[in-house]
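Have a look at the structure below, then the notes.
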Amino acid sequence: MSPVPVQTITTDMASIDIVDQPSEGQRTPHAIEKPTCPFPHDNVSANGTTETPSTCPVSGSLSNPTTQEISLELLRTSLPDRINYIKDFIMFGTPDQEILHKVAPMVNDMIPGVVDDLYAKLFEFDVTKQIFLKRNEGFDGPIPSKLEDLTLDSAQLVYRKIFMKSWARRVLTSDYTSGKTWAYMDKVGIMHTGVKSFKHRNHVEPLVVPYRDCALSLGWVQTVLQTAILQLTNEELSIEEKIAAVGAVSKVIWIQNDLFARHYIDE
Ligand code: HEM
């Protein structure tokens, strides 16, 4: 049998530098890094199996001092602790914020279009469209009562898009070192679960949107934003910056996703 010909494809690859822990030191505050054990020992238990991590019986130190100890209770009850854990895990830091801020003015003009298209998407399916038959907070104009009468240019829809545009702009321009940013994103998650989180929504019926549709919408927004970034010219944004920006968008969207999911999923 003759050998299968091997074809070599040469491509120009952009290199990505994977940096270590961000320099500003956003380690989870309650992580306890015990000193390295001064008494060398291996992680083998009495029955011969390997245990990780092991605790030194003499010094009490963990054999692997780089493992952060995460409190499950604080992950549930403390937003700052949860955010610190997530930021550490996906390595979200100042470089991500800087590239998002750089890209923001370049894609700002497309945000109204992104929001229009998202609503068009949500109107493609009855399960997502019917949620918009309810009255928005602060809106006292006419609302259709039947699904078929609800259109994308209904007065309430035009009004609602303002909030969504504001959220999309915040994704690209927020100060992610501020707890207020995460508190806002967390409230956005909470308000879709039937629980009131924003003071200005105190007097309306609770909003209940299935997590499934929130996650799908986030994925949709992520794809659109990343595509827009990749379509910028190399003069506007270098290839390395595009890679960084696409990564930063993923991270923010995934954090927002967690700030939806945590209110639906009982961990
Ligand atoms: C990408 C995922 C989503 C994000 C980021 C998001 C964000 C928001 C924001 C920022 C608000 C306004 C909060 C405020 O009052 O200040 C809001 C309200 C609302 N959202 Fe979402 N949303 C998402 C998905 C969905 C989905 C999938 C639906 C329905 C299918 C939905 C339906 C609504 C409704 C009906 C309101 C109420 C508006 C009002 O009463 O003021 N959302 N959302």
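Each chain of the structure tokens is named A, B, ... in the order shown, its residues numbered from 1; ligands are numbered from 1 in display order.
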- Task: Return as a count of residues only the residues of protein, DNA or RNA that approach ligand 1 to within 8 Å, with only C-alpha atoms and all ligand atoms taken into account.
- Result: 43
- Message: So that I can check the secondary structure, give me every residue of range 80-209 of chain A assigned helix (DSSP H, G or I) by backbone DSSP, as a PyMOL selection string.
- Response: chain A and resi 80-90+94-122+126-133+147-149+155-173+179-191+199-201
- Separation of CA of Lys199 in chain A from CA of Asp153 in chain A in Å: 27.1 Å
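In terms of minimum interatomic distance to Thr173 in chain A, A:His101 ranks closest within A:His101, A:Lys251, A:Lys187, A:Lys161, counting only C-alpha atoms.
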- Query: Quick one: of A:Leu152, A:Val114, A:Ile143, A:Val171, who's nearest to Thr227 in chain A, counting only C-alpha atoms?
  - Reply: A:Val114
